[in-house]
$ cat coords.cif   # mmCIF, C-alpha atoms
data_model
#
loop_
_atom_site.group_PDB
_atom_site.id
_atom_site.type_symbol
_atom_site.label_atom_id
_atom_site.label_comp_id
_atom_site.auth_asym_id
_atom_site.auth_seq_id
_atom_site.Cartn_x
_atom_site.Cartn_y
_atom_site.Cartn_z
ATOM 1 C CA MET A 222 -39.040 -11.468 8.722
ATOM 2 C CA THR A 223 -35.586 -10.308 7.653
ATOM 3 C CA SER A 224 -32.391 -10.650 9.592
ATOM 4 C CA ASP A 225 -29.527 -8.189 9.908
ATOM 5 C CA ILE A 226 -27.136 -10.932 10.932
ATOM 6 C CA THR A 227 -24.482 -11.797 8.369
ATOM 7 C CA SER A 228 -23.553 -15.441 8.140
ATOM 8 C CA PRO A 229 -19.918 -16.316 8.842
ATOM 9 C CA THR A 230 -19.494 -17.573 5.284
ATOM 10 C CA SER A 231 -20.666 -14.390 3.598
ATOM 11 C CA THR A 232 -18.395 -11.440 3.016
ATOM 12 C CA PRO A 233 -19.557 -7.880 3.575
ATOM 13 C CA GLU A 234 -19.496 -5.695 0.497
ATOM 14 C CA ARG A 235 -16.990 -2.898 0.637
ATOM 15 C CA VAL A 236 -18.644 0.374 -0.182
ATOM 16 C CA ALA A 237 -16.445 3.130 -1.563
ATOM 17 C CA ALA A 238 -15.635 5.658 1.133
ATOM 18 C CA THR A 239 -16.595 9.289 0.656
ATOM 19 C CA VAL A 240 -13.948 11.994 0.600
ATOM 20 C CA GLU A 241 -15.194 13.080 4.037
ATOM 21 C CA GLN A 242 -14.726 9.544 5.390
ATOM 22 C CA LEU A 243 -11.245 9.327 3.864
ATOM 23 C CA GLU A 244 -10.329 12.671 5.427
ATOM 24 C CA GLN A 245 -11.570 11.311 8.759
ATOM 25 C CA GLU A 246 -9.358 8.229 8.270
ATOM 26 C CA GLY A 247 -6.385 10.520 7.672
ATOM 27 C CA ASP A 248 -7.130 12.515 10.807
ATOM 28 C CA VAL A 249 -7.478 9.387 12.949
ATOM 29 C CA ALA A 250 -4.272 7.966 11.448
ATOM 30 C CA ALA A 251 -2.415 11.222 12.134
ATOM 31 C CA ASP A 252 -3.565 11.216 15.773
ATOM 32 C CA PHE A 253 -2.417 7.616 16.191
ATOM 33 C CA LEU A 254 0.952 8.247 14.535
ATOM 34 C CA GLU A 255 1.567 11.454 16.524
ATOM 35 C CA GLU A 256 1.074 9.529 19.770
ATOM 36 C CA LEU A 257 3.378 6.781 18.551
ATOM 37 C CA LEU A 258 6.061 9.282 17.533
ATOM 38 C CA ASP A 259 5.773 11.039 20.900
ATOM 39 C CA ILE A 260 6.251 7.746 22.747
ATOM 40 C CA ALA A 261 9.300 6.914 20.615
ATOM 41 C CA ASP A 262 10.603 10.514 20.906
ATOM 42 C CA ILE A 263 10.874 10.874 17.120
ATOM 43 C CA ASP A 264 10.331 14.225 15.437
ATOM 44 C CA GLY A 265 8.354 14.294 12.227
ATOM 45 C CA ASP A 266 5.714 16.200 10.318
ATOM 46 C CA LEU A 267 2.556 14.566 9.029
ATOM 47 C CA ALA A 268 0.861 15.437 5.756
ATOM 48 C CA LEU A 269 -2.566 14.127 4.767
ATOM 49 C CA ASP A 270 -4.037 13.678 1.306
ATOM 50 C CA VAL A 271 -6.920 11.874 -0.370
ATOM 51 C CA LYS A 272 -6.464 10.439 -3.857
ATOM 52 C CA SER A 273 -7.616 7.450 -5.869
ATOM 53 C CA GLY A 274 -10.147 6.501 -3.194
ATOM 54 C CA ARG A 275 -7.568 6.213 -0.404
ATOM 55 C CA ALA A 276 -6.285 8.284 2.461
ATOM 56 C CA TYR A 277 -2.536 8.956 2.184
ATOM 57 C CA VAL A 278 -0.500 9.831 5.253
ATOM 58 C CA SER A 279 3.097 10.973 4.829
ATOM 59 C CA LEU A 280 5.613 11.274 7.628
ATOM 60 C CA GLU A 281 8.481 13.628 6.810
ATOM 61 C CA SER A 282 11.391 15.145 8.695
ATOM 62 C CA ASP A 283 13.778 18.016 8.035
ATOM 63 C CA GLN A 284 16.524 16.177 9.925
ATOM 64 C CA PRO A 285 18.341 13.697 7.671
ATOM 65 C CA GLY A 286 18.346 10.179 9.040
ATOM 66 C CA SER A 287 15.795 10.810 11.788
ATOM 67 C CA LEU A 288 13.283 8.504 10.096
ATOM 68 C CA ALA A 289 15.825 5.971 8.806
ATOM 69 C CA LEU A 290 14.691 3.158 11.094
ATOM 70 C CA LEU A 291 11.027 3.772 10.348
ATOM 71 C CA SER A 292 11.459 3.988 6.562
ATOM 72 C CA ASP A 293 12.578 0.369 6.158
ATOM 73 C CA PRO A 294 9.955 -1.257 3.864
ATOM 74 C CA ASP A 295 9.023 -3.954 6.392
ATOM 75 C CA THR A 296 8.675 -1.359 9.147
ATOM 76 C CA VAL A 297 6.540 0.901 6.940
ATOM 77 C CA GLN A 298 4.299 -2.067 6.110
ATOM 78 C CA ALA A 299 3.936 -2.948 9.804
ATOM 79 C CA LEU A 300 3.228 0.672 10.779
ATOM 80 C CA GLN A 301 0.690 0.927 7.977
ATOM 81 C CA GLU A 302 -1.134 -2.184 9.218
ATOM 82 C CA LEU A 303 -1.134 -0.931 12.829
ATOM 83 C CA THR A 304 -2.429 2.441 11.649
ATOM 84 C CA ARG A 305 -5.167 0.786 9.577
ATOM 85 C CA ILE A 306 -6.249 -1.214 12.634
ATOM 86 C CA ALA A 307 -6.317 1.947 14.764
ATOM 87 C CA VAL A 308 -8.449 3.680 12.119
ATOM 88 C CA GLN A 309 -10.798 0.719 11.848
ATOM 89 C CA ASN A 310 -11.193 0.559 15.640
ATOM 90 C CA ARG A 311 -12.067 4.238 15.750
ATOM 91 C CA THR A 312 -14.294 4.491 12.652
ATOM 92 C CA GLY A 313 -15.737 0.990 12.449
ATOM 93 C CA ARG A 314 -14.794 0.849 8.753
ATOM 94 C CA PHE A 315 -12.087 -1.116 6.942
ATOM 95 C CA SER A 316 -9.278 1.246 5.919
ATOM 96 C CA ARG A 317 -7.077 1.055 2.831
ATOM 97 C CA LEU A 318 -4.929 4.027 3.830
ATOM 98 C CA ILE A 319 -1.383 4.286 2.537
ATOM 99 C CA LEU A 320 1.485 5.320 4.792
ATOM 100 C CA ASP A 321 4.692 6.851 3.484
ATOM 101 C CA VAL A 322 7.671 7.394 5.768
ATOM 102 C CA GLY A 323 10.466 9.644 4.570
ATOM 103 C CA GLY A 324 9.785 8.980 0.886
ATOM 104 C CA SER A 325 9.725 5.194 1.293
ATOM 105 C CA ARG A 326 6.878 4.828 -1.226
ATOM 106 C CA ASP A 327 8.801 6.708 -3.940
ATOM 107 C CA GLN A 328 11.849 4.556 -3.228
ATOM 108 C CA ARG A 329 9.741 1.386 -3.478
ATOM 109 C CA GLN A 330 8.200 2.645 -6.740
ATOM 110 C CA ARG A 331 11.705 2.987 -8.234
ATOM 111 C CA GLU A 332 12.652 -0.503 -6.997
ATOM 112 C CA LEU A 333 9.525 -1.988 -8.568
ATOM 113 C CA GLU A 334 10.243 -0.195 -11.846
ATOM 114 C CA THR A 335 13.718 -1.758 -11.874
ATOM 115 C CA LEU A 336 12.258 -5.188 -11.071
ATOM 116 C CA VAL A 337 9.713 -4.886 -13.903
ATOM 117 C CA ASP A 338 12.353 -3.628 -16.355
ATOM 118 C CA ARG A 339 14.570 -6.641 -15.596
ATOM 119 C CA ALA A 340 11.647 -9.036 -16.068
ATOM 120 C CA ILE A 341 10.725 -7.380 -19.375
ATOM 121 C CA ALA A 342 14.358 -7.595 -20.515
ATOM 122 C CA ARG A 343 14.225 -11.375 -19.876
ATOM 123 C CA LEU A 344 11.044 -11.605 -21.940
ATOM 124 C CA GLU A 345 12.578 -9.608 -24.778
ATOM 125 C CA GLU A 346 15.622 -11.876 -24.808
ATOM 126 C CA GLY A 347 13.186 -14.622 -25.832
ATOM 127 C CA GLY A 348 13.920 -17.036 -23.021
ATOM 128 C CA SER A 349 10.332 -17.262 -21.869
ATOM 129 C CA THR A 350 6.803 -16.070 -22.604
ATOM 130 C CA GLN A 351 6.163 -15.067 -18.986
ATOM 131 C CA ALA A 352 8.122 -13.636 -16.084
ATOM 132 C CA SER A 353 7.012 -14.136 -12.478
ATOM 133 C CA LEU A 354 7.759 -11.568 -9.818
ATOM 134 C CA PRO A 355 8.047 -12.294 -6.092
ATOM 135 C CA ALA A 356 5.013 -12.139 -3.819
ATOM 136 C CA MET A 357 4.114 -8.641 -2.687
ATOM 137 C CA SER A 358 1.337 -6.593 -1.109
ATOM 138 C CA SER A 359 -1.793 -5.641 -3.034
ATOM 139 C CA TYR A 360 -0.625 -2.024 -3.186
ATOM 140 C CA GLU A 361 2.731 -3.068 -4.668
ATOM 141 C CA ARG A 362 1.012 -5.382 -7.162
ATOM 142 C CA LYS A 363 -1.197 -2.493 -8.252
ATOM 143 C CA LEU A 364 1.907 -0.372 -8.819
ATOM 144 C CA VAL A 365 3.483 -3.229 -10.799
ATOM 145 C CA HIS A 366 0.353 -3.603 -12.970
ATOM 146 C CA ASP A 367 0.502 0.138 -13.746
ATOM 147 C CA ILE A 368 4.238 0.014 -14.566
ATOM 148 C CA VAL A 369 3.790 -3.069 -16.773
ATOM 149 C CA ALA A 370 0.915 -1.428 -18.672
ATOM 150 C CA ASP A 371 3.027 1.705 -19.195
ATOM 151 C CA ARG A 372 5.731 -0.514 -20.723
ATOM 152 C CA GLY A 373 3.236 -2.077 -23.163
ATOM 153 C CA PHE A 374 3.046 -5.514 -21.536
ATOM 154 C CA THR A 375 0.282 -7.292 -19.610
ATOM 155 C CA SER A 376 0.220 -8.664 -16.088
ATOM 156 C CA GLU A 377 -1.971 -10.791 -13.886
ATOM 157 C CA SER A 378 -1.847 -11.716 -10.217
ATOM 158 C CA TYR A 379 -1.850 -15.348 -9.102
ATOM 159 C CA GLY A 380 -1.846 -17.128 -5.764
ATOM 160 C CA GLU A 381 -3.509 -16.532 -2.438
ATOM 161 C CA GLY A 382 -2.672 -14.438 0.606
ATOM 162 C CA ALA A 383 1.009 -13.868 1.284
ATOM 163 C CA ASP A 384 1.931 -15.935 -1.811
ATOM 164 C CA ARG A 385 0.047 -13.698 -4.266
ATOM 165 C CA HIS A 386 2.406 -12.562 -7.003
ATOM 166 C CA THR A 387 2.379 -10.944 -10.433
ATOM 167 C CA VAL A 388 3.185 -12.593 -13.759
ATOM 168 C CA ILE A 389 4.200 -10.416 -16.713
ATOM 169 C CA SER A 390 3.649 -11.432 -20.342
ATOM 170 C CA ARG A 391 3.718 -9.832 -23.772
ATOM 171 C CA GLY A 392 0.782 -7.564 -24.628
#
$ encode --input "coords.cif" --output "structure tokens"
Amino acid sequence: MTSDITSPTSTPERVAATVEQLEQEGDVAADFLEELLDIADIDGDLALDVKSGRAYVSLESDQPGSLALLSDPDTVQALQELTRIAVQNRTGRFSRLILDVGGSRDQRQRELETLVDRAIARLEEGGSTQASLPAMSSYERKLVHDIVADRGFTSESYGEGADRHTVISRG
């Protein structure tokens, strides 16, 4: 006899979502965010996309400054987590969706590029063989790994949970 019950010590395998499932995640996320924006009386337009195995939801506004409070990196991260929970509650599947508010992701990409460039400059000055970056989210670490590879260096992530960080070294 087989059992469908998963033991508390085992971890369920994450199966790659189909494009249709990712589109559904985007739709659910958009519904959730529209309700939230209505409650807060904030105007904004939502755009949905699917790329690299993730649903991307962008919140934009034609009115400068209208999304300023929401585009703070900590606020975007919190909104993204709330949106992921709303999607998971509705679909029953773990969501890795990415939320962008008023270009906050592009801004963060530029900040990470600057951070990586400074770390690489320290390495090139010969002071050390490795440069550690501060702890950051898995999405930000992935961006850092891509930036580091583009610069011809290598990187690895170390640590657990909120302390997980990236270390850069020569290629």
$ residues_around --input "coords.cif" --residues "A:Ile306" --least-positions-apart "2" --cutoff "12 Å" --atoms "all atoms listed in the file" --output "PyMOL selection string"
chain A and resi 246+249-250+253+299-304+308-318
$ residues_around --input "coords.cif" --residues "stretch 261-276 of chain A" --least-positions-apart "4" --cutoff "12 Å" --atoms "all atoms listed in the file" --output "count of residues only"
48
$ residues_around --input "coords.cif" --residues "A:Pro355" --least-positions-apart "3" --cutoff "10 Å" --atoms "only C-alpha atoms" --output "list in words"
Leu336, Arg362, Asp384, Arg385, His386, Thr387 and Val388 of chain A
$ write_last_selection --input "coords.cif" --atoms "C-alpha atoms" --output "compact mmCIF listing (two decimals), in the coordinates of the input"
# COMPACT_ATOMS: atom_id res chain seq x y z
CA LEU A 336 12.26 -5.19 -11.07
CA ARG A 362 1.01 -5.38 -7.16
CA ASP A 384 1.93 -15.94 -1.81
CA ARG A 385 0.05 -13.70 -4.27
CA HIS A 386 2.41 -12.56 -7.00
CA THR A 387 2.38 -10.94 -10.43
CA VAL A 388 3.18 -12.59 -13.76
$ atom_distance --input "coords.cif" --atom1 "atom CA of A:Ile389" --atom2 "atom CA of A:Ser292"
28.3 Å
$ closest_residue --input "coords.cif" --among "A:Gln298, A:Ser279, A:Thr375, A:Thr335" --to "A:Ser359" --atoms "all atoms listed in the file"
A:Gln298
$ residues_near_point --input "coords.cif" --point "(-2.5, -7.4, 3.1)" --cutoff "8 Å" --atoms "all atoms listed in the file" --output "list of chain:residue names"
A:Ser358, A:Ser359, A:Gly382, A:Ala383
$ atom_distance --input "coords.cif" --atom1 "atom CA of A:Ser353" --atom2 "atom CA of A:Pro294"
21.0 Å
$ decode --input "coords.cif" --residues "stretch 251-350 of chain A" --atoms "C-alpha atoms" --output "PDB file, in the first residue's frame"
ATOM      1  CA  ALA A 251      -2.828  41.671 -11.110  1.00  0.00           C
ATOM      2  CA  ASP A 252      -6.255  41.148  -9.513  1.00  0.00           C
ATOM      3  CA  PHE A 253      -4.717  41.263  -6.038  1.00  0.00           C
ATOM      4  CA  LEU A 254      -2.652  44.370  -6.793  1.00  0.00           C
ATOM      5  CA  GLU A 255      -5.593  46.184  -8.431  1.00  0.00           C
ATOM      6  CA  GLU A 256      -7.660  45.668  -5.277  1.00  0.00           C
ATOM      7  CA  LEU A 257      -4.778  46.865  -3.131  1.00  0.00           C
ATOM      8  CA  LEU A 258      -4.269  49.961  -5.284  1.00  0.00           C
ATOM      9  CA  ASP A 259      -8.000  50.719  -5.168  1.00  0.00           C
ATOM     10  CA  ILE A 260      -8.003  50.510  -1.369  1.00  0.00           C
ATOM     11  CA  ALA A 261      -4.977  52.820  -1.170  1.00  0.00           C
ATOM     12  CA  ASP A 262      -6.449  55.133  -3.859  1.00  0.00           C
ATOM     13  CA  ILE A 263      -3.293  54.904  -5.987  1.00  0.00           C
ATOM     14  CA  ASP A 264      -3.474  55.093  -9.767  1.00  0.00           C
ATOM     15  CA  GLY A 265      -1.301  52.746 -11.763  1.00  0.00           C
ATOM     16  CA  ASP A 266      -1.229  50.503 -14.798  1.00  0.00           C
ATOM     17  CA  LEU A 267      -0.276  46.848 -14.606  1.00  0.00           C
ATOM     18  CA  ALA A 268       1.677  44.988 -17.265  1.00  0.00           C
ATOM     19  CA  LEU A 269       2.157  41.219 -17.248  1.00  0.00           C
ATOM     20  CA  ASP A 270       4.911  39.161 -18.837  1.00  0.00           C
ATOM     21  CA  VAL A 271       6.346  35.657 -18.643  1.00  0.00           C
ATOM     22  CA  LYS A 272      10.085  35.133 -19.063  1.00  0.00           C
ATOM     23  CA  SER A 273      12.802  32.871 -17.717  1.00  0.00           C
ATOM     24  CA  GLY A 274      10.235  30.622 -16.038  1.00  0.00           C
ATOM     25  CA  ARG A 275       8.683  33.410 -13.957  1.00  0.00           C
ATOM     26  CA  ALA A 276       5.674  35.664 -14.076  1.00  0.00           C
ATOM     27  CA  TYR A 277       6.645  39.357 -14.117  1.00  0.00           C
ATOM     28  CA  VAL A 278       4.194  42.010 -12.985  1.00  0.00           C
ATOM     29  CA  SER A 279       5.043  45.672 -13.526  1.00  0.00           C
ATOM     30  CA  LEU A 280       3.207  48.571 -11.952  1.00  0.00           C
ATOM     31  CA  GLU A 281       3.661  51.832 -13.849  1.00  0.00           C
ATOM     32  CA  SER A 282       2.181  55.312 -13.692  1.00  0.00           C
ATOM     33  CA  ASP A 283       2.140  58.291 -16.036  1.00  0.00           C
ATOM     34  CA  GLN A 284       2.084  60.650 -13.049  1.00  0.00           C
ATOM     35  CA  PRO A 285       5.600  61.303 -11.728  1.00  0.00           C
ATOM     36  CA  GLY A 286       5.975  60.508  -8.057  1.00  0.00           C
ATOM     37  CA  SER A 287       2.646  58.706  -7.691  1.00  0.00           C
ATOM     38  CA  LEU A 288       4.417  55.406  -7.011  1.00  0.00           C
ATOM     39  CA  ALA A 289       7.331  56.879  -5.039  1.00  0.00           C
ATOM     40  CA  LEU A 290       6.297  55.353  -1.717  1.00  0.00           C
ATOM     41  CA  LEU A 291       5.660  51.952  -3.260  1.00  0.00           C
ATOM     42  CA  SER A 292       8.923  51.834  -5.237  1.00  0.00           C
ATOM     43  CA  ASP A 293      11.165  51.786  -2.157  1.00  0.00           C
ATOM     44  CA  PRO A 294      13.120  48.483  -2.373  1.00  0.00           C
ATOM     45  CA  ASP A 295      11.887  47.220   1.005  1.00  0.00           C
ATOM     46  CA  THR A 296       8.295  48.066   0.096  1.00  0.00           C
ATOM     47  CA  VAL A 297       8.604  46.355  -3.298  1.00  0.00           C
ATOM     48  CA  GLN A 298      10.002  43.255  -1.581  1.00  0.00           C
ATOM     49  CA  ALA A 299       7.130  43.232   0.930  1.00  0.00           C
ATOM     50  CA  LEU A 300       4.512  43.757  -1.796  1.00  0.00           C
ATOM     51  CA  GLN A 301       6.101  40.996  -3.849  1.00  0.00           C
ATOM     52  CA  GLU A 302       5.903  38.570  -0.913  1.00  0.00           C
ATOM     53  CA  LEU A 303       2.265  39.492  -0.196  1.00  0.00           C
ATOM     54  CA  THR A 304       1.438  39.055  -3.878  1.00  0.00           C
ATOM     55  CA  ARG A 305       3.185  35.669  -3.980  1.00  0.00           C
ATOM     56  CA  ILE A 306       1.152  34.547  -0.961  1.00  0.00           C
ATOM     57  CA  ALA A 307      -2.077  35.724  -2.612  1.00  0.00           C
ATOM     58  CA  VAL A 308      -1.160  33.796  -5.772  1.00  0.00           C
ATOM     59  CA  GLN A 309      -0.273  30.682  -3.804  1.00  0.00           C
ATOM     60  CA  ASN A 310      -3.555  30.853  -1.865  1.00  0.00           C
ATOM     61  CA  ARG A 311      -5.505  31.102  -5.098  1.00  0.00           C
ATOM     62  CA  THR A 312      -3.577  28.589  -7.240  1.00  0.00           C
ATOM     63  CA  GLY A 313      -2.262  26.186  -4.616  1.00  0.00           C
ATOM     64  CA  ARG A 314       1.221  26.462  -6.154  1.00  0.00           C
ATOM     65  CA  PHE A 315       4.376  28.173  -4.895  1.00  0.00           C
ATOM     66  CA  SER A 316       4.985  31.348  -6.911  1.00  0.00           C
ATOM     67  CA  ARG A 317       8.315  32.893  -7.882  1.00  0.00           C
ATOM     68  CA  LEU A 318       6.745  35.933  -9.535  1.00  0.00           C
ATOM     69  CA  ILE A 319       8.710  39.157  -9.763  1.00  0.00           C
ATOM     70  CA  LEU A 320       7.115  42.516  -9.019  1.00  0.00           C
ATOM     71  CA  ASP A 321       8.442  45.784 -10.398  1.00  0.00           C
ATOM     72  CA  VAL A 322       7.067  49.110  -9.202  1.00  0.00           C
ATOM     73  CA  GLY A 323       7.871  52.213 -11.211  1.00  0.00           C
ATOM     74  CA  GLY A 324      11.128  50.806 -12.587  1.00  0.00           C
ATOM     75  CA  SER A 325      12.425  49.723  -9.174  1.00  0.00           C
ATOM     76  CA  ARG A 326      13.960  46.535 -10.614  1.00  0.00           C
ATOM     77  CA  ASP A 327      15.983  48.472 -13.211  1.00  0.00           C
ATOM     78  CA  GLN A 328      17.156  50.843 -10.486  1.00  0.00           C
ATOM     79  CA  ARG A 329      18.183  47.901  -8.287  1.00  0.00           C
ATOM     80  CA  GLN A 330      19.998  46.298 -11.244  1.00  0.00           C
ATOM     81  CA  ARG A 331      22.088  49.478 -11.649  1.00  0.00           C
ATOM     82  CA  GLU A 332      22.822  49.560  -7.899  1.00  0.00           C
ATOM     83  CA  LEU A 333      23.960  45.933  -7.968  1.00  0.00           C
ATOM     84  CA  GLU A 334      26.174  46.618 -10.985  1.00  0.00           C
ATOM     85  CA  THR A 335      27.838  49.448  -9.050  1.00  0.00           C
ATOM     86  CA  LEU A 336      28.256  47.206  -5.994  1.00  0.00           C
ATOM     87  CA  VAL A 337      29.847  44.448  -8.102  1.00  0.00           C
ATOM     88  CA  ASP A 338      32.118  46.923  -9.914  1.00  0.00           C
ATOM     89  CA  ARG A 339      33.399  48.269  -6.581  1.00  0.00           C
ATOM     90  CA  ALA A 340      34.052  44.744  -5.295  1.00  0.00           C
ATOM     91  CA  ILE A 341      35.902  43.835  -8.502  1.00  0.00           C
ATOM     92  CA  ALA A 342      37.968  47.030  -8.236  1.00  0.00           C
ATOM     93  CA  ARG A 343      39.045  45.915  -4.727  1.00  0.00           C
ATOM     94  CA  LEU A 344      40.039  42.522  -6.116  1.00  0.00           C
ATOM     95  CA  GLU A 345      42.011  44.105  -8.945  1.00  0.00           C
ATOM     96  CA  GLU A 346      43.868  46.325  -6.488  1.00  0.00           C
ATOM     97  CA  GLY A 347      45.281  43.072  -5.090  1.00  0.00           C
ATOM     98  CA  GLY A 348      44.138  43.509  -1.516  1.00  0.00           C
ATOM     99  CA  SER A 349      42.266  40.233  -1.394  1.00  0.00           C
ATOM    100  CA  THR A 350      41.403  37.127  -3.398  1.00  0.00           C
TER     101      THR A 350
END
